[in-house]
file protein12.pdb (PDB, C-alpha atoms and all ligand atoms)
ATOM      1  CA  MET A 166     -22.281 -14.127  -9.841  1.00  0.00           C
ATOM      2  CA  ARG A 167     -19.801 -14.009  -6.984  1.00  0.00           C
ATOM      3  CA  ILE A 168     -17.513 -11.029  -6.483  1.00  0.00           C
ATOM      4  CA  ARG A 169     -14.545 -11.384  -4.153  1.00  0.00           C
ATOM      5  CA  TYR A 170     -12.353  -8.502  -3.041  1.00  0.00           C
ATOM      6  CA  LEU A 171      -8.743  -9.682  -2.847  1.00  0.00           C
ATOM      7  CA  GLY A 172      -7.308  -6.490  -1.311  1.00  0.00           C
ATOM      8  CA  HIS A 173      -6.023  -3.173  -2.729  1.00  0.00           C
ATOM      9  CA  SER A 174      -7.452  -3.005  -6.294  1.00  0.00           C
ATOM     10  CA  ALA A 175      -7.520  -6.749  -6.896  1.00  0.00           C
ATOM     11  CA  VAL A 176     -10.889  -8.350  -7.526  1.00  0.00           C
ATOM     12  CA  GLU A 177     -12.187 -11.745  -8.615  1.00  0.00           C
ATOM     13  CA  ILE A 178     -15.416 -12.063 -10.589  1.00  0.00           C
ATOM     14  CA  GLN A 179     -16.863 -15.563 -10.873  1.00  0.00           C
ATOM     15  CA  GLY A 180     -19.728 -16.013 -13.273  1.00  0.00           C
ATOM     16  CA  SER A 181     -19.854 -17.994 -16.502  1.00  0.00           C
ATOM     17  CA  LYS A 182     -16.265 -16.781 -16.795  1.00  0.00           C
ATOM     18  CA  THR A 183     -13.677 -16.176 -14.093  1.00  0.00           C
ATOM     19  CA  VAL A 184     -12.136 -12.744 -14.345  1.00  0.00           C
ATOM     20  CA  TYR A 185      -9.357 -11.151 -12.300  1.00  0.00           C
ATOM     21  CA  ILE A 186      -8.704  -7.419 -12.356  1.00  0.00           C
ATOM     22  CA  ASP A 187      -5.391  -5.904 -11.185  1.00  0.00           C
ATOM     23  CA  PRO A 188      -4.238  -9.020  -9.258  1.00  0.00           C
ATOM     24  CA  PHE A 189      -1.494  -7.503  -7.106  1.00  0.00           C
ATOM     25  CA  LEU A 190      -1.033 -10.300  -4.566  1.00  0.00           C
ATOM     26  CA  SER A 191       2.646 -11.004  -3.818  1.00  0.00           C
ATOM     27  CA  GLY A 192       4.027  -8.031  -1.922  1.00  0.00           C
ATOM     28  CA  ASN A 193       0.512  -6.842  -1.135  1.00  0.00           C
ATOM     29  CA  PRO A 194       0.165  -6.743   2.671  1.00  0.00           C
ATOM     30  CA  ALA A 195      -3.641  -6.870   2.298  1.00  0.00           C
ATOM     31  CA  ALA A 196      -3.788  -9.752  -0.198  1.00  0.00           C
ATOM     32  CA  ALA A 197      -6.415 -12.372   0.587  1.00  0.00           C
ATOM     33  CA  VAL A 198      -4.907 -15.107  -1.602  1.00  0.00           C
ATOM     34  CA  LYS A 199      -1.521 -16.132  -2.960  1.00  0.00           C
ATOM     35  CA  PRO A 200      -1.039 -16.013  -6.737  1.00  0.00           C
ATOM     36  CA  GLU A 201      -0.150 -19.721  -6.833  1.00  0.00           C
ATOM     37  CA  ASP A 202      -3.577 -20.531  -5.313  1.00  0.00           C
ATOM     38  CA  ILE A 203      -5.307 -19.247  -8.452  1.00  0.00           C
ATOM     39  CA  ARG A 204      -5.698 -22.362 -10.594  1.00  0.00           C
ATOM     40  CA  SER A 205      -8.316 -21.310 -13.098  1.00  0.00           C
ATOM     41  CA  ALA A 206      -9.115 -18.059 -14.844  1.00  0.00           C
ATOM     42  CA  ASP A 207     -10.428 -16.951 -18.225  1.00  0.00           C
ATOM     43  CA  LEU A 208      -9.453 -13.288 -18.261  1.00  0.00           C
ATOM     44  CA  VAL A 209      -6.959 -11.118 -16.403  1.00  0.00           C
ATOM     45  CA  LEU A 210      -7.540  -7.394 -16.885  1.00  0.00           C
ATOM     46  CA  VAL A 211      -4.752  -4.909 -16.111  1.00  0.00           C
ATOM     47  CA  THR A 212      -5.534  -1.195 -15.789  1.00  0.00           C
ATOM     48  CA  HIS A 213      -1.911   0.062 -15.891  1.00  0.00           C
ATOM     49  CA  ASP A 214       1.658  -0.985 -15.250  1.00  0.00           C
ATOM     50  CA  HIS A 215       2.208   0.359 -11.716  1.00  0.00           C
ATOM     51  CA  GLU A 216       3.387  -2.545  -9.533  1.00  0.00           C
ATOM     52  CA  ASP A 217       0.270  -2.455  -7.364  1.00  0.00           C
ATOM     53  CA  HIS A 218      -1.917  -3.224 -10.435  1.00  0.00           C
ATOM     54  CA  LEU A 219       0.146  -5.251 -12.897  1.00  0.00           C
ATOM     55  CA  GLY A 220       1.208  -7.282  -9.848  1.00  0.00           C
ATOM     56  CA  ASP A 221       0.974 -11.019 -10.527  1.00  0.00           C
ATOM     57  CA  ALA A 222      -1.117 -10.669 -13.693  1.00  0.00           C
ATOM     58  CA  ALA A 223       1.436 -12.322 -15.998  1.00  0.00           C
ATOM     59  CA  PRO A 224       2.215 -15.342 -13.760  1.00  0.00           C
ATOM     60  CA  ILE A 225      -1.525 -15.892 -13.191  1.00  0.00           C
ATOM     61  CA  ALA A 226      -2.195 -15.751 -16.943  1.00  0.00           C
ATOM     62  CA  LYS A 227       0.667 -18.167 -17.504  1.00  0.00           C
ATOM     63  CA  GLN A 228      -0.375 -20.750 -14.897  1.00  0.00           C
ATOM     64  CA  THR A 229      -4.084 -20.667 -15.800  1.00  0.00           C
ATOM     65  CA  GLY A 230      -3.873 -20.119 -19.564  1.00  0.00           C
ATOM     66  CA  ALA A 231      -6.094 -17.038 -19.166  1.00  0.00           C
ATOM     67  CA  THR A 232      -5.970 -14.209 -21.671  1.00  0.00           C
ATOM     68  CA  LEU A 233      -4.462 -11.000 -20.309  1.00  0.00           C
ATOM     69  CA  VAL A 234      -6.153  -7.801 -21.491  1.00  0.00           C
ATOM     70  CA  ALA A 235      -4.363  -4.464 -21.313  1.00  0.00           C
ATOM     71  CA  THR A 236      -3.459  -1.494 -23.469  1.00  0.00           C
ATOM     72  CA  HIS A 237      -1.733  -2.467 -26.703  1.00  0.00           C
ATOM     73  CA  GLU A 238       1.774  -1.594 -25.516  1.00  0.00           C
ATOM     74  CA  ILE A 239       1.549  -3.569 -22.250  1.00  0.00           C
ATOM     75  CA  ALA A 240      -0.030  -6.551 -24.060  1.00  0.00           C
ATOM     76  CA  VAL A 241       2.717  -6.676 -26.697  1.00  0.00           C
ATOM     77  CA  ARG A 242       5.466  -6.421 -24.082  1.00  0.00           C
ATOM     78  CA  LEU A 243       4.018  -9.122 -21.805  1.00  0.00           C
ATOM     79  CA  GLU A 244       3.333 -11.480 -24.692  1.00  0.00           C
ATOM     80  CA  GLN A 245       7.014 -11.231 -25.654  1.00  0.00           C
ATOM     81  CA  GLU A 246       8.549 -11.153 -22.168  1.00  0.00           C
ATOM     82  CA  ALA A 247       6.268 -13.511 -20.248  1.00  0.00           C
ATOM     83  CA  GLY A 248       5.156 -15.817 -23.061  1.00  0.00           C
ATOM     84  CA  ILE A 249       1.487 -15.457 -22.254  1.00  0.00           C
ATOM     85  CA  LYS A 250      -1.641 -14.977 -24.346  1.00  0.00           C
ATOM     86  CA  ALA A 251      -2.477 -11.265 -24.339  1.00  0.00           C
ATOM     87  CA  GLU A 252      -4.978  -9.067 -26.153  1.00  0.00           C
ATOM     88  CA  GLY A 253      -4.126  -5.430 -26.577  1.00  0.00           C
ATOM     89  CA  MET A 254      -6.773  -2.765 -26.979  1.00  0.00           C
ATOM     90  CA  ASN A 255      -7.256   0.894 -26.284  1.00  0.00           C
ATOM     91  CA  MET A 256      -9.673   3.356 -24.727  1.00  0.00           C
ATOM     92  CA  GLY A 257     -13.035   3.477 -26.452  1.00  0.00           C
ATOM     93  CA  GLY A 258     -12.714  -0.092 -27.700  1.00  0.00           C
ATOM     94  CA  THR A 259     -14.608  -3.279 -26.864  1.00  0.00           C
ATOM     95  CA  LEU A 260     -13.426  -6.882 -26.961  1.00  0.00           C
ATOM     96  CA  SER A 261     -15.794  -9.845 -26.826  1.00  0.00           C
ATOM     97  CA  PHE A 262     -14.849 -13.170 -25.257  1.00  0.00           C
ATOM     98  CA  GLY A 263     -17.868 -15.367 -25.896  1.00  0.00           C
ATOM     99  CA  LYS A 264     -20.664 -13.713 -23.970  1.00  0.00           C
ATOM    100  CA  ALA A 265     -18.312 -11.477 -21.948  1.00  0.00           C
ATOM    101  CA  LYS A 266     -17.652  -7.983 -23.192  1.00  0.00           C
ATOM    102  CA  VAL A 267     -14.710  -5.891 -22.057  1.00  0.00           C
ATOM    103  CA  HIS A 268     -14.814  -2.144 -22.690  1.00  0.00           C
ATOM    104  CA  MET A 269     -11.681  -0.104 -22.069  1.00  0.00           C
ATOM    105  CA  VAL A 270     -12.421   3.384 -20.751  1.00  0.00           C
ATOM    106  CA  HIS A 271     -10.589   6.477 -19.595  1.00  0.00           C
ATOM    107  CA  ALA A 272      -8.704   6.897 -16.321  1.00  0.00           C
ATOM    108  CA  LEU A 273      -7.005  10.089 -15.195  1.00  0.00           C
ATOM    109  CA  HIS A 274      -3.692   8.913 -13.728  1.00  0.00           C
ATOM    110  CA  THR A 275      -0.071   8.222 -14.746  1.00  0.00           C
ATOM    111  CA  ALA A 276       1.917   5.058 -15.508  1.00  0.00           C
ATOM    112  CA  TYR A 277       5.440   3.937 -16.476  1.00  0.00           C
ATOM    113  CA  SER A 278       4.278   3.236 -20.012  1.00  0.00           C
ATOM    114  CA  THR A 279       1.111   4.064 -21.939  1.00  0.00           C
ATOM    115  CA  HIS A 280      -2.090   5.492 -20.567  1.00  0.00           C
ATOM    116  CA  PRO A 281      -3.841   4.040 -17.498  1.00  0.00           C
ATOM    117  CA  VAL A 282      -7.410   2.848 -18.097  1.00  0.00           C
ATOM    118  CA  GLY A 283     -10.558   1.564 -16.448  1.00  0.00           C
ATOM    119  CA  PHE A 284     -12.649  -1.450 -17.500  1.00  0.00           C
ATOM    120  CA  VAL A 285     -16.368  -1.966 -17.946  1.00  0.00           C
ATOM    121  CA  LEU A 286     -17.165  -5.679 -17.935  1.00  0.00           C
ATOM    122  CA  GLU A 287     -20.477  -7.051 -19.166  1.00  0.00           C
ATOM    123  CA  LEU A 288     -20.976 -10.621 -17.992  1.00  0.00           C
ATOM    124  CA  ASP A 289     -24.100 -12.737 -17.424  1.00  0.00           C
ATOM    125  CA  GLY A 290     -26.375  -9.715 -17.747  1.00  0.00           C
ATOM    126  CA  LYS A 291     -24.428  -7.647 -15.193  1.00  0.00           C
ATOM    127  CA  THR A 292     -22.366  -4.548 -15.857  1.00  0.00           C
ATOM    128  CA  ILE A 293     -19.352  -3.930 -13.635  1.00  0.00           C
ATOM    129  CA  TYR A 294     -17.041  -0.924 -13.769  1.00  0.00           C
ATOM    130  CA  HIS A 295     -13.540  -1.122 -12.274  1.00  0.00           C
ATOM    131  CA  LEU A 296     -12.225   2.448 -12.282  1.00  0.00           C
ATOM    132  CA  GLY A 297      -8.555   1.490 -11.854  1.00  0.00           C
ATOM    133  CA  ASP A 298      -6.505   4.353 -10.408  1.00  0.00           C
ATOM    134  CA  THR A 299      -8.095   7.651 -11.305  1.00  0.00           C
ATOM    135  CA  ALA A 300      -8.920  11.202 -10.381  1.00  0.00           C
ATOM    136  CA  LEU A 301     -12.493  12.375 -10.774  1.00  0.00           C
ATOM    137  CA  PHE A 302     -13.389  13.266 -14.375  1.00  0.00           C
ATOM    138  CA  GLY A 303     -16.589  14.627 -15.839  1.00  0.00           C
ATOM    139  CA  ASP A 304     -17.058  11.952 -18.496  1.00  0.00           C
ATOM    140  CA  MET A 305     -18.165   9.580 -15.746  1.00  0.00           C
ATOM    141  CA  ARG A 306     -21.534  11.289 -16.265  1.00  0.00           C
ATOM    142  CA  LEU A 307     -21.369  10.254 -19.916  1.00  0.00           C
ATOM    143  CA  TYR A 308     -20.619   6.636 -18.960  1.00  0.00           C
ATOM    144  CA  ALA A 309     -23.849   6.598 -16.935  1.00  0.00           C
ATOM    145  CA  GLU A 310     -25.673   7.333 -20.206  1.00  0.00           C
ATOM    146  CA  PHE A 311     -24.069   4.333 -21.934  1.00  0.00           C
ATOM    147  CA  TRP A 312     -24.277   1.780 -19.151  1.00  0.00           C
ATOM    148  CA  ARG A 313     -26.427   0.919 -16.129  1.00  0.00           C
ATOM    149  CA  PHE A 314     -23.826  -0.179 -13.639  1.00  0.00           C
ATOM    150  CA  ASP A 315     -24.750  -2.978 -11.285  1.00  0.00           C
ATOM    151  CA  LEU A 316     -21.461  -2.547  -9.461  1.00  0.00           C
ATOM    152  CA  ALA A 317     -18.557  -0.086  -9.421  1.00  0.00           C
ATOM    153  CA  PHE A 318     -15.137  -0.542  -7.819  1.00  0.00           C
ATOM    154  CA  VAL A 319     -14.062   2.951  -6.801  1.00  0.00           C
ATOM    155  CA  PRO A 320     -10.640   3.974  -5.412  1.00  0.00           C
ATOM    156  CA  ILE A 321     -10.927   6.061  -2.234  1.00  0.00           C
ATOM    157  CA  GLY A 322      -7.369   6.082  -0.834  1.00  0.00           C
ATOM    158  CA  ASP A 323      -6.509   9.678  -1.823  1.00  0.00           C
ATOM    159  CA  ARG A 324      -2.929  10.831  -2.559  1.00  0.00           C
ATOM    160  CA  TYR A 325      -2.586   8.647  -5.712  1.00  0.00           C
ATOM    161  CA  THR A 326      -6.290   8.509  -6.625  1.00  0.00           C
ATOM    162  CA  MET A 327      -9.575  10.062  -5.600  1.00  0.00           C
ATOM    163  CA  GLY A 328     -10.202  10.429  -1.888  1.00  0.00           C
ATOM    164  CA  PRO A 329     -13.580   9.827  -0.224  1.00  0.00           C
ATOM    165  CA  VAL A 330     -15.099  13.184  -1.247  1.00  0.00           C
ATOM    166  CA  SER A 331     -14.279  12.991  -4.969  1.00  0.00           C
ATOM    167  CA  ALA A 332     -15.014   9.240  -4.976  1.00  0.00           C
ATOM    168  CA  ALA A 333     -18.499   9.979  -3.614  1.00  0.00           C
ATOM    169  CA  LYS A 334     -18.937  12.524  -6.420  1.00  0.00           C
ATOM    170  CA  ALA A 335     -17.881   9.814  -8.893  1.00  0.00           C
ATOM    171  CA  VAL A 336     -20.658   7.601  -7.504  1.00  0.00           C
ATOM    172  CA  GLU A 337     -23.113  10.469  -8.010  1.00  0.00           C
ATOM    173  CA  PHE A 338     -21.982  10.720 -11.650  1.00  0.00           C
ATOM    174  CA  LEU A 339     -22.006   6.955 -12.331  1.00  0.00           C
ATOM    175  CA  ARG A 340     -25.161   5.997 -10.402  1.00  0.00           C
ATOM    176  CA  PRO A 341     -24.187   2.337  -9.828  1.00  0.00           C
ATOM    177  CA  LYS A 342     -26.549   0.121  -7.835  1.00  0.00           C
ATOM    178  CA  LYS A 343     -23.672  -1.023  -5.635  1.00  0.00           C
ATOM    179  CA  VAL A 344     -20.247   0.404  -4.942  1.00  0.00           C
ATOM    180  CA  VAL A 345     -17.217  -1.284  -3.397  1.00  0.00           C
ATOM    181  CA  PRO A 346     -14.422   1.029  -2.202  1.00  0.00           C
ATOM    182  CA  ILE A 347     -10.909  -0.100  -3.164  1.00  0.00           C
ATOM    183  CA  HIS A 348      -7.299   1.159  -3.105  1.00  0.00           C
ATOM    184  CA  TYR A 349      -7.205   2.162   0.590  1.00  0.00           C
ATOM    185  CA  ASN A 350      -5.587   0.927   3.835  1.00  0.00           C
ATOM    186  CA  THR A 351      -3.097  -1.287   1.991  1.00  0.00           C
ATOM    187  CA  PHE A 352      -0.274   1.036   3.046  1.00  0.00           C
ATOM    188  CA  PRO A 353      -0.116   3.904   5.608  1.00  0.00           C
ATOM    189  CA  LEU A 354      -0.007   6.485   2.768  1.00  0.00           C
ATOM    190  CA  ILE A 355      -3.537   5.582   1.665  1.00  0.00           C
ATOM    191  CA  GLU A 356      -5.240   5.154   5.026  1.00  0.00           C
ATOM    192  CA  GLN A 357      -8.934   5.999   4.851  1.00  0.00           C
ATOM    193  CA  ASP A 358     -12.112   5.250   6.761  1.00  0.00           C
ATOM    194  CA  PRO A 359     -14.434   3.508   4.273  1.00  0.00           C
ATOM    195  CA  LYS A 360     -17.394   4.300   6.569  1.00  0.00           C
ATOM    196  CA  ARG A 361     -16.822   7.983   5.888  1.00  0.00           C
ATOM    197  CA  PHE A 362     -17.010   7.226   2.156  1.00  0.00           C
ATOM    198  CA  ALA A 363     -20.229   5.257   2.728  1.00  0.00           C
ATOM    199  CA  GLU A 364     -21.702   8.232   4.602  1.00  0.00           C
ATOM    200  CA  LEU A 365     -20.806  10.603   1.765  1.00  0.00           C
ATOM    201  CA  VAL A 366     -22.365   8.221  -0.789  1.00  0.00           C
ATOM    202  CA  GLY A 367     -25.486   8.078   1.358  1.00  0.00           C
ATOM    203  CA  ARG A 368     -28.470   6.773  -0.560  1.00  0.00           C
ATOM    204  CA  THR A 369     -26.935   7.389  -3.995  1.00  0.00           C
ATOM    205  CA  ALA A 370     -25.801   3.744  -4.053  1.00  0.00           C
ATOM    206  CA  GLU A 371     -25.504   0.764  -1.756  1.00  0.00           C
ATOM    207  CA  THR A 372     -21.958   0.821  -0.401  1.00  0.00           C
ATOM    208  CA  ALA A 373     -20.521  -2.631   0.303  1.00  0.00           C
ATOM    209  CA  ILE A 374     -17.387  -2.377   2.432  1.00  0.00           C
ATOM    210  CA  LEU A 375     -15.537  -5.645   1.867  1.00  0.00           C
ATOM    211  CA  ALA A 376     -12.520  -6.715   3.879  1.00  0.00           C
ATOM    212  CA  PRO A 377      -9.903  -8.500   1.756  1.00  0.00           C
ATOM    213  CA  GLY A 378     -11.204 -12.015   1.120  1.00  0.00           C
ATOM    214  CA  GLU A 379     -14.873 -11.079   1.551  1.00  0.00           C
ATOM    215  CA  SER A 380     -17.424 -11.649  -1.214  1.00  0.00           C
ATOM    216  CA  LEU A 381     -20.780 -10.438  -2.356  1.00  0.00           C
ATOM    217  CA  GLU A 382     -23.400 -11.957  -4.654  1.00  0.00           C
ATOM    218  CA  LEU A 383     -24.453  -9.915  -7.634  1.00  0.00           C
TER     219      LEU A 383
HETATM  220 NI    NI A 401      -1.250   3.710 -10.228  1.00  0.00          NI
HETATM  221 MN    MN A 402      -2.408   2.190  -7.509  1.00  0.00          MN
END

call {"tool": "encode", "arguments": {"input": "protein12.pdb", "output": "structure tokens", "more": "lines below"}}
Ligand code: NI
Ligand code: MN
result
Amino acid sequence: MRIRYLGHSAVEIQGSKTVYIDPFLSGNPAAAVKPEDIRSADLVLVTHDHEDHLGDAAPIAKQTGATLVATHEIAVRLEQEAGIKAEGMNMGGTLSFGKAKVHMVHALHTAYSTHPVGFVLELDGKTIYHLGDTALFGDMRLYAEFWRFDLAFVPIGDRYTMGPVSAAKAVEFLRPKKVVPIHYNTFPLIEQDPKRFAELVGRTAETAILAPGESLEL
């Protein structure tokens, strides 16, 4: 499975299905691709409706025919306004798309409408957790009892999400094999040194610092 970091919180997961999470690309100074370059996708997951997450999710779903997955309220609105295929769900729930499973989990953050969330994706025998925008919360320890995470995308930018210190604590709680820091250095307000985060994580997990456009094999 190939994982490509597209900048900010946007990621591309290519396995037996192609999945995009929080594809904020137009207007994203760190974006590695343009939304119109995305020609095929199966799922587009949206953690919340802030511009830097909802981003180009609807146009990408429209041009690829992918199913957009979000909280019920966002899914209903986008289905009506953007004429796309959307599946609404809520925290605690699981949706299956063939062999892919999407679990919607808690995030501690705000949004214009409805509650922000994170996603746990099970695909091709791998379990990937995208935390979305969140503060540290203790139930991350509980999630480590339910899932063995092969990879976690963890926001480290501070100000709007966890900073490096609380993000490293999140890694301690979640015990993923690999961690990719996200949601930093897109704008001056969220400037961070990802190497400092990697130092704080230490041997708890393998930290993969990806520049926008870079990939890793999982
Ligand atoms: Ni946000
Ligand atoms: Mn954000």

call {"tool": "closest_atom_pairs", "arguments": {"input": "protein12.pdb", "of": "region 205-246 of chain A", "to": "region 288-310 of chain A", "cutoff": "9 Å", "atoms": "all atoms listed in the file", "output": "Markdown table"}}
result
| residue | atom | partner | partner_atom | distance |
| --- | --- | --- | --- | --- |
| A:Val211 | CA | A:Gly297 | CA | 8.6 |
| A:Thr212 | CA | A:Gly297 | CA | 5.6 |
| A:His213 | CA | A:Gly297 | CA | 7.9 |
| A:His218 | CA | A:Gly297 | CA | 8.3 |

call {"tool": "residues_around", "arguments": {"input": "protein12.pdb", "residues": "region 242-251 of chain A", "least_positions_apart": "5", "cutoff": "7 Å", "atoms": "only C-alpha atoms", "output": "NGL selection string"}}
result
:A and (223 or 226-227 or 232-234)

call {"tool": "resolve_selection", "arguments": {"input": "protein12.pdb", "expression": "the PyMOL selection byres (((not hetatm)) within 12 of (chain A and resi 401))", "output": "number ranges by chain"}}
result
A: 173-174, 187, 189, 211-220, 272-283, 296-300, 320, 322-327, 348

call {"tool": "atom_distance", "arguments": {"input": "protein12.pdb", "atom1": "CA of Ala317 (chain A)", "atom2": "CA of Ile186 (chain A)"}}
result
12.6 Å

call {"tool": "axis_aligned_box", "arguments": {"input": "protein12.pdb", "around": "region 196-199 of chain A", "padding_each_side": "4 Å", "output": "lines of an AutoDock Vina configuration file"}}
result
center_x = -4.0
center_y = -12.9
center_z = -1.2
size_x = 12.9
size_y = 14.4
size_z = 11.5

call {"tool": "residues_around", "arguments": {"input": "protein12.pdb", "residues": "region 368-378 of chain A", "least_positions_apart": "5", "cutoff": "10 Å", "atoms": "only C-alpha atoms", "output": "PDB file with C-alpha atoms, in the coordinates of the input"}}
result
ATOM      1  CA  ILE A 168     -17.513 -11.029  -6.483  1.00  0.00           C
ATOM      2  CA  ARG A 169     -14.545 -11.384  -4.153  1.00  0.00           C
ATOM      3  CA  TYR A 170     -12.353  -8.502  -3.041  1.00  0.00           C
ATOM      4  CA  LEU A 171      -8.743  -9.682  -2.847  1.00  0.00           C
ATOM      5  CA  GLY A 172      -7.308  -6.490  -1.311  1.00  0.00           C
ATOM      6  CA  HIS A 173      -6.023  -3.173  -2.729  1.00  0.00           C
ATOM      7  CA  ALA A 175      -7.520  -6.749  -6.896  1.00  0.00           C
ATOM      8  CA  VAL A 176     -10.889  -8.350  -7.526  1.00  0.00           C
ATOM      9  CA  GLU A 177     -12.187 -11.745  -8.615  1.00  0.00           C
ATOM     10  CA  ALA A 195      -3.641  -6.870   2.298  1.00  0.00           C
ATOM     11  CA  ALA A 196      -3.788  -9.752  -0.198  1.00  0.00           C
ATOM     12  CA  ALA A 197      -6.415 -12.372   0.587  1.00  0.00           C
ATOM     13  CA  VAL A 198      -4.907 -15.107  -1.602  1.00  0.00           C
ATOM     14  CA  ASP A 315     -24.750  -2.978 -11.285  1.00  0.00           C
ATOM     15  CA  LEU A 316     -21.461  -2.547  -9.461  1.00  0.00           C
ATOM     16  CA  ALA A 317     -18.557  -0.086  -9.421  1.00  0.00           C
ATOM     17  CA  PHE A 318     -15.137  -0.542  -7.819  1.00  0.00           C
ATOM     18  CA  ALA A 333     -18.499   9.979  -3.614  1.00  0.00           C
ATOM     19  CA  LYS A 334     -18.937  12.524  -6.420  1.00  0.00           C
ATOM     20  CA  VAL A 336     -20.658   7.601  -7.504  1.00  0.00           C
ATOM     21  CA  GLU A 337     -23.113  10.469  -8.010  1.00  0.00           C
ATOM     22  CA  PHE A 338     -21.982  10.720 -11.650  1.00  0.00           C
ATOM     23  CA  LEU A 339     -22.006   6.955 -12.331  1.00  0.00           C
ATOM     24  CA  ARG A 340     -25.161   5.997 -10.402  1.00  0.00           C
ATOM     25  CA  PRO A 341     -24.187   2.337  -9.828  1.00  0.00           C
ATOM     26  CA  LYS A 342     -26.549   0.121  -7.835  1.00  0.00           C
ATOM     27  CA  LYS A 343     -23.672  -1.023  -5.635  1.00  0.00           C
ATOM     28  CA  VAL A 344     -20.247   0.404  -4.942  1.00  0.00           C
ATOM     29  CA  VAL A 345     -17.217  -1.284  -3.397  1.00  0.00           C
ATOM     30  CA  PRO A 346     -14.422   1.029  -2.202  1.00  0.00           C
ATOM     31  CA  ILE A 347     -10.909  -0.100  -3.164  1.00  0.00           C
ATOM     32  CA  THR A 351      -3.097  -1.287   1.991  1.00  0.00           C
ATOM     33  CA  PRO A 359     -14.434   3.508   4.273  1.00  0.00           C
ATOM     34  CA  LYS A 360     -17.394   4.300   6.569  1.00  0.00           C
ATOM     35  CA  PHE A 362     -17.010   7.226   2.156  1.00  0.00           C
ATOM     36  CA  ALA A 363     -20.229   5.257   2.728  1.00  0.00           C
TER      37      ALA A 363
END
